[in-house]
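Here the structure comes first, spelled out in structure tokens, and everything after it is commentary.
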Amino acid sequence: LAWNTNVRVSLPAVCFVWQVAMIILFGVFVRYDKEADAHWSETKKEENITSNVENDFYYRYPSFQDVHVMIFVGFGFLMTFLKRYSFGGVGFNFLIAAFGLQWALLMQGWFHSLDPVTGYIYIGIENLINADFCVAGCLIAFGALLGKVSPVQLMVMTLFGVTLYAVEEYIILNLLHAIDAGGSMVIHIFGAYYGLTISWVLYRPNLHQSKRLHGSVYHSDVFAMIGTLFLWMYWPSFNSAICYHGDGQHRAAINTYLSLAASVLTTFAISSLSAKRGKLDMVHIQNATLAGGVAMGTAAEFMIQPYGALIVGFCCGIVSTFGYLVLTPFMEKCLKIQDTCGIHNLHAMPGVLGGVVGAITAATASNAVYSPEGLINTFDFQGNFATRSVTTQGAYQAAAMCVALIFGIGGGALVGLILRFPIWGDAEDDNCFDDEVYWEKLQGQSPPRGPSGLSVLLRDTMVVSGV
Amino acid sequence: LAWNTNVRVSLPAVCFVWQVAMIILFGVFVRYDKEADAHWSETKKEENITSNVENDFYYRYPSFQDVHVMIFVGFGFLMTFLKRYSFGGVGFNFLIAAFGLQWALLMQGWFHSLDPVTGYIYIGIENLINADFCVAGCLIAFGALLGKVSPVQLMVMTLFGVTLYAVEEYIILNLLHAIDAGGSMVIHIFGAYYGLTISWVLYRPNLHQSKRLHGSVYHSDVFAMIGTLFLWMYWPSFNSAICYHGDGQHRAAINTYLSLAASVLTTFAISSLSAKRGKLDMVHIQNATLAGGVAMGTAAEFMIQPYGALIVGFCCGIVSTFGYLVLTPFMEKCLKIQDTCGIHNLHAMPGVLGGVVGAITAATASNAVYSPEGLINTFDFQGNFATRSVTTQGAYQAAAMCVALIFGIGGGALVGLILRFPIWGDAEDDNCFDDEVYWEKLQGQSPPRGPSGLSVLLRDTMVVSGV
Amino acid sequence: LAWNTNVRVSLPAVCFVWQVAMIILFGVFVRYDKEADAHWSETKKEENITSNVENDFYYRYPSFQDVHVMIFVGFGFLMTFLKRYSFGGVGFNFLIAAFGLQWALLMQGWFHSLDPVTGYIYIGIENLINADFCVAGCLIAFGALLGKVSPVQLMVMTLFGVTLYAVEEYIILNLLHAIDAGGSMVIHIFGAYYGLTISWVLYRPNLHQSKRLHGSVYHSDVFAMIGTLFLWMYWPSFNSAICYHGDGQHRAAINTYLSLAASVLTTFAISSLSAKRGKLDMVHIQNATLAGGVAMGTAAEFMIQPYGALIVGFCCGIVSTFGYLVLTPFMEKCLKIQDTCGIHNLHAMPGVLGGVVGAITAATASNAVYSPEGLINTFDFQGNFATRSVTTQGAYQAAAMCVALIFGIGGGALVGLILRFPIWGDAEDDNCFDDEVYWEKLQGQSPPRGPSGLSVLLRDTMVVSGV
């Protein structure tokens, strides 16, 4: 009676109301940035800009598109690995990302781009990148909830997630003036603990009743590799997308490229070491190989040196794979946290590692290594922060990590409680991880519920045929 | 007797003859643009260009590659959704796009880039983008015909389609001087009505005999999502690829990004609203989510404002999803138009909407909003058109829509008649949507034709195993 | 007794030892290039660079990301075509590429970017591209060995492959001063003959025992098309990535785009011509369509003219498809070379063709066609080579081809002998092409070994259900 997965009223209502709200708020608040406005030819004259190529669009658009692919194909396909929840993985990812980025443009705009004179938010390419970043935080949280919540719950989770993110980001980047170009703290720590806490509040004691669907099949694992690889390949763009022009973007790309390469090797090593006969586990390869990118988020544009980036990736691959082997089962059994995609291993731990690396490398930065002007560029020691020392900066970096953690856990607890109301259309414990609940025309195609005569034969056939 | 799907003579003959013709015509007519010619270092001096970065290559190459991905992976994988026509979807898409872009370089070159003095067409990166655009028109038409025609028919359809496109484009962009950066009219209206009219002429009254293959299976729907997402993500590049440098490209990307996001939400809303228990339909998610990109094609670089773009996307998602629910069945039953991919919903209607939006926003443009120089840049009010008013421009935009429609329907009728000759190797009505007809080594793998004892058991097994 | 596929010690050991070695060597040798160093703001002043956009990052990053996608998704998914070796195809590709690019940065750095004063290798975006190129050579070789070797053997193959590549590249590009922007010789000839020779040394007389797994199924062929298309679409970026700024990159992209388009048409033509009823073969479409890109590698930035590029693609599509039809079976039967992916047809022959085209077009270059400065830019006739004539250049291009061939065959023979030791964990002849050997949790999902009662029924079911 309480369990009713009918979302025919709630899902359209939420989509319509929120989209209409977006249109109204955009009408009131959002206009084009001067670099995207038709007055640009006048702006160029006023600011003595000699070439169109100086428009920020040309500095950042290739990175933006790479980030965009990570959000929709990267996260989306990474979550197709379940044998019967591929539609939900890629489809709900699509839905909440498309909603989240609109809300993020507004929330981040109010905090970062609001012109006090006109009252408008002016958006350009950098705002689009930041909106995608903000959405990434919510998609990480989605990873913990995959298969256990309804699309309406996901929309609510995204609405609050984006809101919390924008506040947390404002505190970390503006008030604490911490550096976090690739978001180890702002995106990954926040997103992961937000999702894990929600999952803890929504704990399902009888989730084992869906065990038959809680795993992959051969082809769904190959689909998930599409997501893995696009995340892996484009992560250098993610970490460098909003770095400062010139050497900042250049260095961030190199560091991330190297860190990711190292975590691939240690992931394969630990995965092989932990199994009989050295066999590899696709779950590790799909996820832990990415940990190097997460952990280079904060220090991406720092002078960590190529070997420093390799060390970061080396450690992350190990930590993350051990997480999948040891921590995920432990957390489910003892802490009652059900983490479908293992975001604790891929985002939380490497995010913390990335925050620590960032704090240490910031505190040890020097004029000799950076050059005086380079130090100012990298840490943005300008305006109110012109006199800040690097050790102080290191301390603020550490403080930023705590802020991300607090917002993740606190926000997750709050949102988790909201999502526990029995009105959101989520599925019963024996019906999780099943696309049939929210998707049409799959009735006849679904695997059988329980074992019984013919169905056993058919299921065995299915298994043998490797579907 | 009339039905013979053997293309062993015709397909190689067409490929060879046309490829040889391309080589000869390229030899006679096509040379590198000055920006791609080894004389560029001299050109730089003559034209006082101080940096290589001013080469148009660096302004447009990232967008070009995104468009290229849309043509081959976007359209190609979107058409893999049928359970037994994935090879045909992605493979024939590959064939006709690779042929079409060569012919487009010539046809568009004669109309747009022919140097009257030397008699040469000079090609650079912008020509490559335009050739991809032209091919997109034919691939849209392919969507209506998917599974019902032979590869030879598709080659003929492409040859004529590209030819018609080039003429239509010349009339719209040069003679009427309409603006259509993302091709709502030139590409989408033309391509959709071209394909729909051909499909109408080639109507198959007994197509229901192939009903068993006219649908998707679980994994083919996931493959199709690859196409959907790459189209969706890169559409901002599509609409901004040939906009003018600077704010033009920047604004077109922002508008398209927002419009697409809004159409995702209304697509999910209508899809859920229309089904029992609010279940979503993959067909809608795969297609109608893209309508916002189609409809921002004409007005992409206009000062439509962010909320304007959201409104366009909002409407398109609704219109397009309703199309799939109501219009496609109606058109098949009453108008005898069989539209495999539903291009009427994804391209025709949103294209018309885009054309209307373009006409209205052009007619209401003002110096205040655009700045005088911005207005000239956006609408290219130069040379013969220096004195054109924005209201006149609006009228010409509306006229352009009619031209696209006329070329689509007229050209489709003509080409449809040509394709009705029983010489092209298309399949019988009970053999459509089947890769076995044109692809090797699938004999044993095909689903059974009719129900009979064991085959029924096996088919049920297949269904249960969710292949 | 000799056959032991347990890699639980060897694989982790190799990964750890080599990754630790990388960290140490990077610590000793590798630093950021001046364009990626925080001192860049000082460099700009010293070198009178007025804009950040002149940082090489902005010239090459979009191409770099495209190349990166080719390496990991392109090569990776192209090798998922086997019905039960998709994990191995995409997974081992991931492993050896991530290792190879680190080793390549060092090896290529010592030969090309070592500063004799400081003893450091300074790496920037061009080094990342070159490392990806170097890895491509090893991935080509992997194509011949796919399914028959262990991951440890692949790591050894990559270690030696990268080493040999760096030496060969130094001889060809620096000593012989040959031009090979897209690597027809350096990458494709070397990689292909390296892999073919190893495969010859590792010949398996009883490989037919794995025949049941040596082929594709419907969905694995669609997965492989993802690889094909991303290689095909991004090949213009591959061939233009390290060309000189301006017209060089621009022209290379155009030439490759055209050559690839032509090879699609001739591939479809020959594939259809060679089969009963003109049916197409997915193997040809997946591979031979790419031959045009391989063959444009050397002459990418030459003034070969658009029709010249079409002719190259035209020939390659024919040669490569004939290779699959005739040469691969012949080589397996008579020369005892087992070439899983047919790299001889896709890389070796088109590579040789590309080398020949490069030599001829270099020898016939002229001041009239290139302009004096253009000729110097294109062939880098500077420093010690300022007085070299184009005919001499042609001769050196031909010599370069021989160097690539010698390194491929010689290196392959040496490495093949090393890999024959029975210590590397490779599978028995009746167990090749099977992911079960190196991947977890596939036991129950694997197709049956031999025919026996129920299993025959089940296998037929599987076949009918088109898995």
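Naming works like this for the structure tokens: A, B, ... for the chains as they're shown, residue 1 at the start of each chain, ligands 1 onward in shown order.
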Within 10 Å of stretch 45-51 of chain C using only C-alpha atoms, minus same-chain residues under 5 positions, as JSON, numbers by chain: {"A": [53, 54, 245, 246], "C": [40]}
Please produce a file of the residues just selected, as a short mmCIF file (atom, residue, chain, number, x, y, z; two decimals), in the first residue's frame, where the atoms kept are C-alpha atoms.
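selection.cif written:
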```
data_model
loop_
_atom_site.label_atom_id
_atom_site.label_comp_id
_atom_site.auth_asym_id
_atom_site.auth_seq_id
_atom_site.Cartn_x
_atom_site.Cartn_y
_atom_site.Cartn_z
CA VAL A 53 40.58 34.86 -30.63
CA GLU A 54 40.97 36.57 -27.25
CA HIS A 245 44.98 30.92 -19.32
CA GLY A 246 48.38 29.79 -20.51
CA TRP C 40 55.65 31.25 -18.29
#
```
Backbone-only DSSP, alpha helix (DSSP H) members of stretch 314-437 of chain B, as a ChimeraX atom specification: /B:314-322,328-334,343,349-363,367-370,372-379,390-419
Go ahead and save the residues from that selection, with C-alpha atoms, as an mmCIF file, in the first residue's frame.
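This is the output file part.cif:
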```cif
data_model
loop_
_atom_site.group_PDB
_atom_site.id
_atom_site.type_symbol
_atom_site.label_atom_id
_atom_site.label_comp_id
_atom_site.auth_asym_id
_atom_site.auth_seq_id
_atom_site.Cartn_x
_atom_site.Cartn_y
_atom_site.Cartn_z
ATOM 1 C CA PHE B 314 10.346 23.741 -23.644
ATOM 2 C CA CYS B 315 7.895 23.841 -26.545
ATOM 3 C CA CYS B 316 9.905 21.509 -28.761
ATOM 4 C CA GLY B 317 10.131 18.736 -26.222
ATOM 5 C CA ILE B 318 6.348 18.779 -25.895
ATOM 6 C CA VAL B 319 5.593 19.007 -29.606
ATOM 7 C CA SER B 320 8.081 16.337 -30.540
ATOM 8 C CA THR B 321 6.950 13.806 -27.927
ATOM 9 C CA PHE B 322 3.309 14.337 -28.884
ATOM 10 C CA THR B 328 3.469 8.971 -36.352
ATOM 11 C CA PRO B 329 0.692 6.372 -36.028
ATOM 12 C CA PHE B 330 -1.739 8.778 -37.696
ATOM 13 C CA MET B 331 0.592 9.466 -40.599
ATOM 14 C CA GLU B 332 1.206 5.790 -41.178
ATOM 15 C CA LYS B 333 -2.459 4.875 -41.055
ATOM 16 C CA CYS B 334 -4.080 7.828 -42.793
ATOM 17 C CA ILE B 343 11.870 12.267 -38.373
ATOM 18 C CA MET B 349 8.110 20.074 -36.725
ATOM 19 C CA PRO B 350 10.979 21.466 -34.619
ATOM 20 C CA GLY B 351 12.563 22.719 -37.858
ATOM 21 C CA VAL B 352 9.424 24.656 -38.733
ATOM 22 C CA LEU B 353 9.239 25.970 -35.180
ATOM 23 C CA GLY B 354 12.885 27.030 -35.484
ATOM 24 C CA GLY B 355 12.193 28.802 -38.752
ATOM 25 C CA VAL B 356 9.256 30.681 -37.221
ATOM 26 C CA VAL B 357 11.276 31.657 -34.161
ATOM 27 C CA GLY B 358 14.045 32.864 -36.462
ATOM 28 C CA ALA B 359 11.675 34.990 -38.541
ATOM 29 C CA ILE B 360 10.063 36.594 -35.504
ATOM 30 C CA THR B 361 13.294 37.296 -33.648
ATOM 31 C CA ALA B 362 14.877 38.682 -36.807
ATOM 32 C CA ALA B 363 11.917 40.990 -37.440
ATOM 33 C CA ASN B 367 20.044 48.521 -32.567
ATOM 34 C CA ALA B 368 19.525 48.838 -28.845
ATOM 35 C CA VAL B 369 19.747 45.112 -28.264
ATOM 36 C CA TYR B 370 22.430 44.316 -30.841
ATOM 37 C CA PRO B 372 24.646 48.919 -34.674
ATOM 38 C CA GLU B 373 27.780 46.956 -35.462
ATOM 39 C CA GLY B 374 26.396 43.837 -33.800
ATOM 40 C CA LEU B 375 23.287 44.008 -35.956
ATOM 41 C CA ILE B 376 25.404 44.199 -39.086
ATOM 42 C CA ASN B 377 27.553 41.275 -37.954
ATOM 43 C CA THR B 378 24.626 39.076 -36.960
ATOM 44 C CA PHE B 379 22.490 39.605 -40.047
ATOM 45 C CA VAL B 390 14.993 43.889 -39.862
ATOM 46 C CA THR B 391 11.302 43.538 -40.741
ATOM 47 C CA THR B 392 12.232 42.823 -44.341
ATOM 48 C CA GLN B 393 14.760 40.326 -43.012
ATOM 49 C CA GLY B 394 11.971 38.642 -41.039
ATOM 50 C CA ALA B 395 9.898 38.315 -44.190
ATOM 51 C CA TYR B 396 12.793 36.783 -46.094
ATOM 52 C CA GLN B 397 13.371 34.340 -43.238
ATOM 53 C CA ALA B 398 9.752 33.205 -43.617
ATOM 54 C CA ALA B 399 10.179 32.922 -47.370
ATOM 55 C CA ALA B 400 13.263 30.780 -46.812
ATOM 56 C CA MET B 401 11.177 28.315 -44.862
ATOM 57 C CA CYS B 402 8.858 27.898 -47.839
ATOM 58 C CA VAL B 403 11.789 27.337 -50.171
ATOM 59 C CA ALA B 404 13.123 24.563 -47.930
ATOM 60 C CA LEU B 405 9.674 22.975 -47.790
ATOM 61 C CA ILE B 406 9.179 23.129 -51.542
ATOM 62 C CA PHE B 407 12.587 21.666 -52.288
ATOM 63 C CA GLY B 408 12.011 18.901 -49.753
ATOM 64 C CA ILE B 409 8.591 17.853 -51.021
ATOM 65 C CA GLY B 410 9.262 18.444 -54.702
ATOM 66 C CA GLY B 411 12.654 16.783 -54.649
ATOM 67 C CA GLY B 412 11.338 13.905 -52.585
ATOM 68 C CA ALA B 413 8.522 13.237 -55.035
ATOM 69 C CA LEU B 414 10.929 13.184 -57.968
ATOM 70 C CA VAL B 415 13.513 10.988 -56.269
ATOM 71 C CA GLY B 416 10.813 8.721 -54.855
ATOM 72 C CA LEU B 417 9.577 7.999 -58.364
ATOM 73 C CA ILE B 418 13.097 7.176 -59.500
ATOM 74 C CA LEU B 419 13.550 4.832 -56.548
#
```
7 Å contacts from chain C to chain B using only C-alpha atoms, as an MDAnalysis selection string: chainID C and resid 62 222 229 233 245:248 250:251 261:262 264:266 269:270 272:273 277:281 305:307 310:311 370:371 373:374 461 463:467
Nearest-residue call for B:Ser184, choices B:Cys432, B:Val17, B:Ala136, B:Leu145, using only C-alpha atoms: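 Of the candidates, the smallest distance to B:Ser184 is held by B:Ala136.
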Residue contacts of A:Lys148 (10 Å, only C-alpha atoms) excluding same-chain residues fewer than 3 positions away, as a ChimeraX atom specification: /A:142,144-145,151,153,199,202-204,207,338,340,426-429,431-434
Nearest residue to C:Ile285 from the set C:Ala224, C:Met303, C:Leu154, C:Ala253 (distances using only C-alpha atoms):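 Of the candidates, the smallest distance to C:Ile285 is held by C:Ala224.
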